[in-house]
file work_4.cif (mmCIF, C-alpha atoms and all ligand atoms)
data_work
#
loop_
_atom_site.label_atom_id
_atom_site.label_comp_id
_atom_site.auth_asym_id
_atom_site.auth_seq_id
_atom_site.Cartn_x
_atom_site.Cartn_y
_atom_site.Cartn_z
CA MET M 22 126.79 75.73 105.26
CA LYS M 23 124.42 78.69 105.68
CA LEU M 24 126.04 79.49 109.01
CA ARG M 25 129.51 79.48 107.40
CA ILE M 26 128.42 82.02 104.70
CA ASN M 27 126.96 84.35 107.37
CA THR M 28 130.16 84.17 109.39
CA ARG M 29 132.25 85.00 106.31
CA ARG M 30 129.94 87.94 105.47
CA THR M 31 130.10 89.27 109.01
CA ALA M 32 133.89 89.06 108.97
CA LEU M 33 134.00 90.85 105.61
CA ALA M 34 131.65 93.60 106.87
CA ALA M 35 133.77 94.08 109.99
CA LEU M 36 136.91 94.31 107.87
CA THR M 37 135.28 96.90 105.58
CA THR M 38 134.17 98.99 108.58
CA LEU M 39 137.67 98.81 110.08
CA LEU M 40 139.24 99.86 106.78
CA ALA M 41 136.82 102.79 106.40
CA ALA M 42 137.50 103.93 109.97
CA THR M 43 141.27 103.71 109.42
CA LEU M 44 141.02 105.71 106.20
CA ALA M 45 138.80 108.34 107.90
CA CYS M 46 141.36 108.72 110.71
CA MET M 47 144.13 109.14 108.15
CA ALA M 48 142.18 111.70 106.09
CA VAL M 49 142.66 114.76 108.33
CA PRO M 50 146.44 114.62 108.82
CA ALA M 51 146.92 113.78 105.14
CA ALA M 52 144.89 116.86 104.07
CA ALA M 53 146.89 119.08 106.46
CA GLU M 54 150.18 117.73 105.10
CA ASP M 55 149.07 118.30 101.50
CA PHE M 56 147.94 121.87 102.09
CA PRO M 57 147.60 123.85 99.89
CA GLY M 58 147.85 120.90 97.49
CA GLY M 59 147.88 123.06 94.36
CA ARG M 60 144.48 124.60 95.15
CA ALA M 61 143.97 128.35 95.50
CA VAL M 62 143.12 129.98 98.83
CA THR M 63 140.12 132.34 98.87
CA ALA M 64 140.43 135.33 101.21
CA VAL M 65 137.01 136.76 102.02
CA VAL M 66 137.07 140.55 102.43
CA PRO M 67 133.81 141.67 104.03
CA PHE M 68 133.80 145.10 102.30
CA ALA M 69 133.71 146.47 98.76
CA ALA M 70 136.63 146.13 96.35
CA GLY M 71 139.05 149.06 96.22
CA GLY M 72 138.52 150.07 99.87
CA PRO M 73 141.05 149.99 102.72
CA THR M 74 140.43 146.40 103.91
CA ASP M 75 140.50 145.23 100.31
CA LYS M 76 143.79 147.06 99.64
CA VAL M 77 145.52 145.48 102.64
CA ALA M 78 144.10 142.05 101.71
CA ARG M 79 145.31 142.25 98.11
CA GLU M 80 148.85 143.27 99.18
CA ILE M 81 149.10 140.58 101.82
CA GLY M 82 147.41 137.98 99.59
CA LEU M 83 150.00 138.51 96.87
CA LEU M 84 152.88 138.04 99.30
CA MET M 85 151.28 134.99 100.92
CA SER M 86 150.66 133.39 97.54
CA LYS M 87 154.43 133.40 96.97
CA GLN M 88 154.94 131.59 100.28
CA LEU M 89 152.12 129.10 99.74
CA GLY M 90 152.80 128.48 96.05
CA VAL M 91 149.13 128.95 95.07
CA PRO M 92 147.08 132.05 94.24
CA VAL M 93 145.26 133.85 97.04
CA LEU M 94 142.00 135.03 95.48
CA ILE M 95 139.97 137.89 96.96
CA ASP M 96 136.23 137.43 97.46
CA ASN M 97 134.49 140.71 98.36
CA SER M 98 131.46 139.48 100.31
CA ALA M 99 130.34 142.92 101.45
CA GLY M 100 127.36 144.13 103.45
CA ALA M 101 125.97 144.61 106.96
CA GLY M 102 129.14 146.27 108.28
CA GLY M 103 131.34 143.27 107.50
CA THR M 104 129.19 140.69 109.27
CA ILE M 105 128.01 138.94 106.06
CA GLY M 106 131.54 138.05 104.99
CA ALA M 107 132.58 137.03 108.51
CA ARG M 108 129.54 134.73 108.80
CA LYS M 109 130.36 133.22 105.41
CA VAL M 110 133.82 132.22 106.63
CA ALA M 111 132.50 130.94 109.98
CA LEU M 112 130.34 128.51 107.95
CA ALA M 113 132.99 127.61 105.33
CA LYS M 114 134.72 124.24 105.08
CA PRO M 115 137.62 124.30 107.58
CA ASP M 116 140.28 123.13 105.13
CA GLY M 117 142.45 126.28 104.90
CA HIS M 118 141.12 127.19 101.45
CA THR M 119 138.78 129.87 102.83
CA ILE M 120 140.11 132.57 105.15
CA LEU M 121 138.84 135.94 106.36
CA ILE M 122 140.66 139.28 106.31
CA HIS M 123 138.75 141.70 108.49
CA HIS M 124 139.32 144.65 110.82
CA ILE M 125 138.24 145.99 114.23
CA GLY M 126 134.63 145.20 113.22
CA MET M 127 135.28 141.61 114.30
CA ALA M 128 135.34 142.95 117.89
CA THR M 129 132.77 145.78 117.72
CA ALA M 130 130.07 143.62 116.05
CA VAL M 131 129.69 141.78 119.38
CA GLY M 132 128.26 144.91 121.02
CA LEU M 133 126.38 146.14 117.95
CA TYR M 134 124.52 142.94 116.99
CA ARG M 135 122.30 141.10 119.43
CA ASN M 136 121.88 138.28 116.88
CA LEU M 137 125.27 138.19 115.25
CA GLY M 138 125.02 134.55 114.17
CA PHE M 139 128.65 133.79 114.97
CA ASP M 140 131.04 134.13 117.87
CA PRO M 141 134.32 135.82 116.81
CA LEU M 142 136.32 134.03 119.51
CA LYS M 143 134.68 130.58 119.28
CA ASP M 144 133.82 130.15 115.58
CA PHE M 145 137.24 130.94 114.10
CA GLU M 146 140.83 129.81 114.28
CA MET M 147 143.08 132.83 114.73
CA VAL M 148 145.82 133.20 112.10
CA GLY M 149 147.36 136.55 113.06
CA GLU M 150 147.26 140.36 112.97
CA ILE M 151 148.30 142.28 109.85
CA ALA M 152 148.43 146.08 110.30
CA ASP M 153 147.31 149.04 112.43
CA VAL M 154 145.69 151.92 110.57
CA PRO M 155 144.68 155.38 111.85
CA MET M 156 141.46 157.12 110.84
CA VAL M 157 140.85 160.61 109.51
CA LEU M 158 137.68 162.69 109.32
CA LEU M 159 137.33 164.21 105.84
CA ALA M 160 134.85 166.29 103.92
CA ASN M 161 134.06 167.22 100.37
CA LYS M 162 136.04 170.38 99.60
CA SER M 163 132.88 172.45 99.27
CA LEU M 164 131.89 172.01 102.92
CA PRO M 165 132.22 175.53 104.45
CA PRO M 166 134.00 174.98 107.83
CA ALA M 167 137.73 175.67 107.48
CA ASP M 168 138.87 173.56 110.42
CA MET M 169 137.66 171.12 113.06
CA LYS M 170 136.69 173.84 115.55
CA ALA M 171 134.53 175.51 112.91
CA LEU M 172 133.07 172.12 111.97
CA VAL M 173 131.94 171.55 115.57
CA SER M 174 129.69 174.63 115.57
CA TYR M 175 128.65 174.09 111.94
CA ALA M 176 127.57 170.51 112.76
CA LYS M 177 125.44 171.67 115.69
CA ALA M 178 123.72 174.30 113.54
CA ASN M 179 123.24 172.05 110.47
CA ALA M 180 122.84 168.58 111.98
CA ALA M 181 119.74 167.69 109.95
CA SER M 182 121.34 168.43 106.59
CA LEU M 183 124.89 167.27 107.31
CA SER M 184 125.50 163.72 106.10
CA LEU M 185 128.13 161.25 107.28
CA ALA M 186 128.94 158.16 105.21
CA ASN M 187 129.85 154.78 106.68
CA ALA M 188 130.38 151.18 105.58
CA GLY M 189 127.36 149.86 107.49
CA ILE M 190 126.71 149.11 111.13
CA GLY M 191 129.71 147.27 112.48
CA SER M 192 132.21 148.97 110.19
CA ALA M 193 135.15 151.05 111.35
CA SER M 194 133.66 154.18 109.79
CA HIS M 195 130.44 153.53 111.68
CA LEU M 196 132.31 153.20 114.97
CA CYS M 197 134.29 156.36 114.22
CA GLY M 198 131.05 158.17 113.35
CA LEU M 199 129.47 157.06 116.63
CA LEU M 200 132.40 158.43 118.61
CA LEU M 201 132.35 161.67 116.62
CA GLN M 202 128.62 162.23 117.13
CA SER M 203 128.92 161.48 120.81
CA ALA M 204 131.83 163.95 121.14
CA LEU M 205 129.85 166.57 119.18
CA GLN M 206 126.69 165.73 121.14
CA THR M 207 124.96 166.00 117.79
CA GLU M 208 123.19 163.40 115.67
CA LEU M 209 124.06 163.61 111.97
CA THR M 210 122.35 161.92 109.02
CA THR M 211 124.29 158.70 108.42
CA ILE M 212 124.43 157.01 105.02
CA PRO M 213 125.55 153.36 104.82
CA TYR M 214 127.55 151.88 101.92
CA LYS M 215 129.01 148.41 101.33
CA GLY M 216 132.49 149.70 102.03
CA THR M 217 134.29 153.02 102.05
CA ALA M 218 135.44 152.66 98.42
CA PRO M 219 131.91 153.54 97.16
CA ALA M 220 131.49 156.02 100.05
CA LEU M 221 134.65 157.82 98.93
CA VAL M 222 133.31 158.13 95.36
CA ASP M 223 130.20 159.86 96.72
CA LEU M 224 132.26 162.04 99.05
CA MET M 225 134.34 163.23 96.10
CA GLY M 226 131.17 163.80 94.10
CA GLY M 227 129.54 165.79 96.91
CA GLN M 228 126.59 163.40 97.35
CA VAL M 229 127.65 162.98 100.98
CA ASN M 230 129.40 165.57 103.20
CA LEU M 231 131.64 163.70 105.63
CA LEU M 232 133.47 160.40 105.97
CA CYS M 233 135.67 158.98 108.67
CA ASP M 234 138.00 156.48 107.04
CA GLN M 235 141.28 154.62 107.29
CA THR M 236 144.23 156.56 105.87
CA THR M 237 144.95 153.55 103.61
CA ASN M 238 141.89 154.55 101.57
CA VAL M 239 142.26 158.31 101.48
CA ALA M 240 146.01 159.01 101.50
CA GLY M 241 146.04 159.82 97.78
CA GLN M 242 143.18 162.34 98.04
CA ILE M 243 144.74 163.96 101.12
CA LYS M 244 148.12 164.32 99.36
CA ALA M 245 146.45 165.64 96.19
CA GLY M 246 144.39 168.12 98.22
CA SER M 247 141.16 166.89 96.63
CA LEU M 248 139.39 166.41 99.97
CA LYS M 249 139.32 168.46 103.16
CA PRO M 250 140.86 166.54 106.12
CA TYR M 251 139.58 167.88 109.47
CA ALA M 252 141.21 165.69 112.07
CA ALA M 253 143.14 162.53 112.82
CA MET M 254 140.78 160.56 115.01
CA GLN M 255 143.29 159.96 117.78
CA PRO M 256 145.06 162.01 120.45
CA GLN M 257 148.29 162.46 118.40
CA ARG M 258 148.95 163.53 114.81
CA ILE M 259 149.68 160.77 112.27
CA ASP M 260 153.38 160.53 111.28
CA ALA M 261 152.66 160.42 107.53
CA PHE M 262 150.19 163.33 107.73
CA LYS M 263 151.70 165.77 110.20
CA ASP M 264 149.68 168.68 108.75
CA ILE M 265 146.38 167.22 109.92
CA PRO M 266 145.59 168.23 113.52
CA SER M 267 144.54 165.53 115.96
CA ALA M 268 140.98 165.39 117.30
CA ALA M 269 142.40 166.12 120.76
CA GLU M 270 143.87 169.43 119.51
CA SER M 271 140.35 170.47 118.56
CA GLY M 272 139.01 169.45 121.95
CA LEU M 273 137.38 166.19 120.81
CA PRO M 274 138.08 163.17 123.00
CA VAL M 275 137.97 160.66 120.10
CA GLU M 276 140.36 157.74 119.78
CA VAL M 277 139.97 154.89 117.34
CA LYS M 278 142.68 152.75 115.81
CA ILE M 279 141.84 150.16 113.17
CA TRP M 280 143.60 146.82 113.07
CA HIS M 281 143.38 144.18 110.38
CA ALA M 282 143.68 140.47 111.05
CA MET M 283 143.30 137.05 109.44
CA TYR M 284 141.08 134.15 110.53
CA ALA M 285 140.19 130.63 109.35
CA PRO M 286 136.98 128.71 110.09
CA LYS M 287 136.88 126.82 113.41
CA GLY M 288 138.19 123.29 113.00
CA THR M 289 140.84 124.14 110.41
CA PRO M 290 143.67 121.67 111.27
CA GLN M 291 146.42 123.20 113.40
CA ALA M 292 149.09 122.31 110.83
CA ILE M 293 147.21 124.36 108.19
CA VAL M 294 146.69 127.31 110.55
CA ASP M 295 150.42 127.22 111.32
CA ARG M 296 151.23 127.18 107.60
CA LEU M 297 148.95 130.17 106.95
CA SER M 298 150.36 132.02 109.93
CA ALA M 299 153.97 131.36 108.84
CA ALA M 300 153.13 132.78 105.40
CA LEU M 301 151.49 135.80 107.05
CA GLN M 302 154.49 136.37 109.34
CA SER M 303 156.81 136.46 106.38
CA ALA M 304 154.42 138.76 104.45
CA VAL M 305 154.24 141.38 107.24
CA GLU M 306 158.04 141.43 107.43
CA ASP M 307 158.32 142.18 103.71
CA GLN M 308 160.05 145.57 103.36
CA GLY M 309 157.93 146.54 100.37
CA PHE M 310 154.72 145.90 102.34
CA ARG M 311 156.03 147.73 105.41
CA SER M 312 157.00 150.85 103.46
CA LYS M 313 153.77 150.81 101.41
CA MET M 314 151.79 150.74 104.67
CA ALA M 315 153.96 153.53 106.16
CA ASP M 316 153.38 155.72 103.07
CA LEU M 317 149.65 155.30 103.61
CA GLY M 318 149.93 156.28 107.28
CA ALA M 319 149.59 152.68 108.53
CA GLN M 320 151.93 150.31 110.29
CA ALA M 321 152.49 146.66 109.41
CA VAL M 322 152.64 144.61 112.63
CA PRO M 323 155.89 142.88 113.61
CA ALA M 324 155.96 139.11 112.89
CA ALA M 325 155.38 138.40 116.60
CA ARG M 326 151.87 139.86 116.25
CA ALA M 327 151.06 137.96 113.05
CA ARG M 328 150.52 134.86 115.20
CA PRO M 329 147.41 133.07 116.50
CA GLU M 330 148.08 133.67 120.24
CA SER M 331 148.65 137.37 119.72
CA LEU M 332 145.43 137.80 117.72
CA ARG M 333 143.39 135.82 120.26
CA THR M 334 144.58 138.11 123.07
CA HIS M 335 144.07 141.27 121.02
CA LEU M 336 140.59 140.29 119.80
CA GLY M 337 139.54 139.37 123.35
CA ASN M 338 140.85 142.70 124.70
CA GLU M 339 139.12 144.68 121.95
CA ILE M 340 135.77 142.93 122.58
CA THR M 341 136.13 143.71 126.28
CA LYS M 342 137.03 147.33 125.50
CA TRP M 343 134.34 148.17 122.92
CA THR M 344 131.27 146.17 124.01
CA PRO M 345 130.45 148.32 127.08
CA ILE M 346 131.15 151.58 125.17
CA ILE M 347 128.78 150.55 122.36
CA ARG M 348 126.10 149.21 124.74
CA LYS M 349 126.26 152.48 126.68
CA ALA M 350 125.66 154.38 123.43
CA GLY M 351 122.55 152.20 123.00
CA VAL M 352 123.11 151.58 119.29
CA TYR M 353 122.06 148.24 117.85
CA ALA M 354 122.11 146.99 114.31
CA ASP M 355 119.34 144.43 114.80
N1 LIG M 401 136.80 151.43 105.82
C1 LIG M 401 135.68 150.55 105.89
C2 LIG M 401 135.05 150.65 107.23
O1 LIG M 401 134.62 151.72 107.50
C3 LIG M 401 135.83 149.20 105.46
C4 LIG M 401 136.30 149.03 104.03
O2 LIG M 401 135.67 149.49 103.09
O3 LIG M 401 137.32 148.40 103.91
O4 LIG M 401 134.91 149.72 107.96
#

call {"tool": "encode", "arguments": {"input": "work_4.cif", "output": "C-alpha cells", "more": "lines below"}}
Ligand code: ASP
result
Amino acid sequence: MKLRINTRRTALAALTTLLAATLACMAVPAAAEDFPGGRAVTAVVPFAAGGPTDKVAREIGLLMSKQLGVPVLIDNSAGAGGTIGARKVALAKPDGHTILIHHIGMATAVGLYRNLGFDPLKDFEMVGEIADVPMVLLANKSLPPADMKALVSYAKANAASLSLANAGIGSASHLCGLLLQSALQTELTTIPYKGTAPALVDLMGGQVNLLCDQTTNVAGQIKAGSLKPYAAMQPQRIDAFKDIPSAAESGLPVEVKIWHAMYAPKGTPQAIVDRLSAALQSAVEDQGFRSKMADLGAQAVPAARARPESLRTHLGNEITKWTPIIRKAGVYAD
C-alpha cells in the first residue's frame, strides 16, 4: 500500500516537473511573439534632456511608437560621459522593453575607461544606426578672437583661463575637445556637464567659453547668430552651414563625425530585435525625420544601415579606430 502511494507521488512529481519544463520552454517564443504586448518601450538616453542625443531619440521614438503601437518613453539616465545609461541597459531585462539610444561614445568609452563595466560588442544586441551628425566648435559671442586662426593664438596665450565645456569623459564633446587640444598643442580648462543641453545654457550665459557640439543641438543658435561658430570639426564645410569654415581651412587636422545608434540588452530574443529594427528602418526612412535632420546639419542613415549587422560592423570599426588614438593621448576616465 505504502509503496503504491510513493509510486503515485513520484509519477505526479515527474509530471509536474515535465509540465513546468514545457511551459518554461514555451515562455520565450511566446513573449517574443507578443511583443510589445501593449507595454511601453523605454529608450534610455545617456545624456541630459534637451540635448542632441535626446532630440534624435525623441524624434525616432515618436516614429517607432507608431510602428510598434505602444509609446516609446525617454529615460535620461545621464552622467559619466554616457556610460551610466549604457551600463543600465546592459543590465536591464532583455525583453525589448528597455533599449539604448547612444552615440559614438559607445565606441570611444572602450579606450577611455579601463573599468567600463560592460562590453559594447558583447553585452548588447545591435538594433541599428540612426543618423550621422557633424560637430562645430562654438564660443560665447563675447570671446575676442574673430576666427579660428585668431582663436589658435588666443588659446595658446590664455590657456589657463579659457574654458571648454563637455558632456563628461566618454562624450562626443569630450572626444572633440581632446582632438582640438591636441591640434592646438594646448591644454584648456575643461568643464564637464551631464549633457550638452546644460553646457549650452552656460555657454550662452558666458559661464564657459567654448563648446564643441553636434549641430543638432546648436543649429538654432548658429542661425540666430547668438553664438560664435569657429569651425566645423571636419575637413569639409557642413552643407547646412556653408558659412562656417572647416577646421582644415584653419590648418587644424581635426575630424570627428558623430553617429547615433540603438541597442537592446544581450539576450533580447531575435524576433524582438528584428521587430525593433524593422520599426527603426521605417523611422529613418520617414521624410519628415530626414528633412528635420538635414535642416539641423545631420543625415539620417538609409534603412540598410538601420540594421543589426551594419551597426555591429560600424561599432567594431569605430572601436578599432578610436581606441589606439585615445590610448596614445594617455587620457583615462578611471
Ligand atoms: N552632445 C553630447 C556629447 O557631447 C551628448 C548629449 O548631450 O547628447 O556627447

call {"tool": "closest_atom_pairs", "arguments": {"input": "work_4.cif", "of": "chain M", "to": "ligand LIG 401 (chain M)", "cutoff": "6 Å", "atoms": "all atoms listed in the file", "output": "Markdown table"}}
result
| residue | atom | partner | partner_atom | distance |
| --- | --- | --- | --- | --- |
| M:Phe68 | CA | M:LIG401 | O2 | 4.8 |
| M:Ala69 | CA | M:LIG401 | O2 | 5.6 |
| M:Gly72 | CA | M:LIG401 | O2 | 4.3 |
| M:Pro73 | CA | M:LIG401 | O3 | 4.2 |
| M:Thr74 | CA | M:LIG401 | O3 | 3.7 |
| M:Asp75 | CA | M:LIG401 | O3 | 5.8 |
| M:Asn187 | CA | M:LIG401 | O1 | 5.7 |
| M:Ala188 | CA | M:LIG401 | O1 | 4.7 |
| M:Ser192 | CA | M:LIG401 | O4 | 3.6 |
| M:Ala193 | CA | M:LIG401 | O4 | 3.6 |
| M:Ser194 | CA | M:LIG401 | O1 | 3.5 |
| M:Gly216 | CA | M:LIG401 | O2 | 3.4 |
| M:Thr217 | CA | M:LIG401 | O2 | 3.9 |
| M:Ala218 | CA | M:LIG401 | O2 | 5.6 |
| M:Asp234 | CA | M:LIG401 | N1 | 5.3 |
| M:Gln235 | CA | M:LIG401 | N1 | 5.7 |

call {"tool": "closest_residue", "arguments": {"input": "work_4.cif", "among": "M:Ala204, M:Pro115, M:Ala64, M:Met225", "to": "Ser98 of chain M", "atoms": "all atoms listed in the file"}}
result
M:Ala64

call {"tool": "atom_distance", "arguments": {"input": "work_4.cif", "atom1": "atom CA of Pro219 of chain M", "atom2": "atom CA of Gly189 of chain M"}}
result
11.9 Å

call {"tool": "closest_residue", "arguments": {"input": "work_4.cif", "among": "M:Ala285, M:Pro274, M:Thr237, M:Gln206", "to": "Val65 of chain M", "atoms": "all atoms listed in the file"}}
result
M:Ala285

call {"tool": "closest_residue", "arguments": {"input": "work_4.cif", "among": "M:Ala220, M:Met127, M:Leu205, M:Ile105", "to": "Leu336 of chain M", "atoms": "all atoms listed in the file"}}
result
M:Met127

call {"tool": "closest_residue", "arguments": {"input": "work_4.cif", "among": "M:Val352, M:Ala319, M:Ala304, M:Ile151", "to": "Ala282 of chain M", "atoms": "only C-alpha atoms"}}
result
M:Ile151

call {"tool": "residues_around", "arguments": {"input": "work_4.cif", "residues": "segment 128-142 of chain M", "least_positions_apart": "6", "cutoff": "10 Å", "atoms": "only C-alpha atoms", "output": "compact mmCIF listing (two decimals) with C-alpha atoms, keeping the file's coordinate frame"}}
result
# COMPACT_ATOMS: atom_id res chain seq x y z
CA GLY M 102 129.14 146.27 108.28
CA GLY M 103 131.34 143.27 107.50
CA THR M 104 129.19 140.69 109.27
CA ILE M 105 128.01 138.94 106.06
CA ALA M 107 132.58 137.03 108.51
CA ARG M 108 129.54 134.73 108.80
CA LYS M 109 130.36 133.22 105.41
CA VAL M 110 133.82 132.22 106.63
CA ALA M 111 132.50 130.94 109.98
CA LEU M 112 130.34 128.51 107.95
CA ILE M 190 126.71 149.11 111.13
CA GLY M 191 129.71 147.27 112.48
CA SER M 192 132.21 148.97 110.19
CA ALA M 193 135.15 151.05 111.35
CA LEU M 196 132.31 153.20 114.97
CA TYR M 284 141.08 134.15 110.53
CA LYS M 287 136.88 126.82 113.41
CA ARG M 333 143.39 135.82 120.26
CA THR M 334 144.58 138.11 123.07
CA HIS M 335 144.07 141.27 121.02
CA LEU M 336 140.59 140.29 119.80
CA GLY M 337 139.54 139.37 123.35
CA ASN M 338 140.85 142.70 124.70
CA GLU M 339 139.12 144.68 121.95
CA ILE M 340 135.77 142.93 122.58
CA THR M 341 136.13 143.71 126.28
CA LYS M 342 137.03 147.33 125.50
CA TRP M 343 134.34 148.17 122.92
CA THR M 344 131.27 146.17 124.01
CA PRO M 345 130.45 148.32 127.08
CA ILE M 346 131.15 151.58 125.17
CA ILE M 347 128.78 150.55 122.36
CA ARG M 348 126.10 149.21 124.74
CA LYS M 349 126.26 152.48 126.68
CA ALA M 350 125.66 154.38 123.43
CA GLY M 351 122.55 152.20 123.00
CA VAL M 352 123.11 151.58 119.29
CA TYR M 353 122.06 148.24 117.85
CA ALA M 354 122.11 146.99 114.31
CA ASP M 355 119.34 144.43 114.80

call {"tool": "residues_near_point", "arguments": {"input": "work_4.cif", "point": "(126.3, 166.7, 109.5)", "cutoff": "7 Å", "atoms": "only C-alpha atoms", "output": "CSV table (one decimal) with C-alpha atoms, in the frame of the given file"}}
result
chain,number,residue,atom,x,y,z
M,176,ALA,CA,127.6,170.5,112.8
M,179,ASN,CA,123.2,172.0,110.5
M,180,ALA,CA,122.8,168.6,112.0
M,181,ALA,CA,119.7,167.7,110.0
M,182,SER,CA,121.3,168.4,106.6
M,183,LEU,CA,124.9,167.3,107.3
M,184,SER,CA,125.5,163.7,106.1
M,185,LEU,CA,128.1,161.2,107.3
M,209,LEU,CA,124.1,163.6,112.0
M,210,THR,CA,122.4,161.9,109.0

call {"tool": "closest_residue", "arguments": {"input": "work_4.cif", "among": "M:Thr236, M:Asn230, M:Ser163, M:Gln257", "to": "Val77 of chain M", "atoms": "only C-alpha atoms"}}
result
M:Thr236

call {"tool": "closest_residue", "arguments": {"input": "work_4.cif", "among": "M:Lys170, M:Lys215, M:Lys143, M:Arg258", "to": "Val66 of chain M", "atoms": "only C-alpha atoms"}}
result
M:Lys215
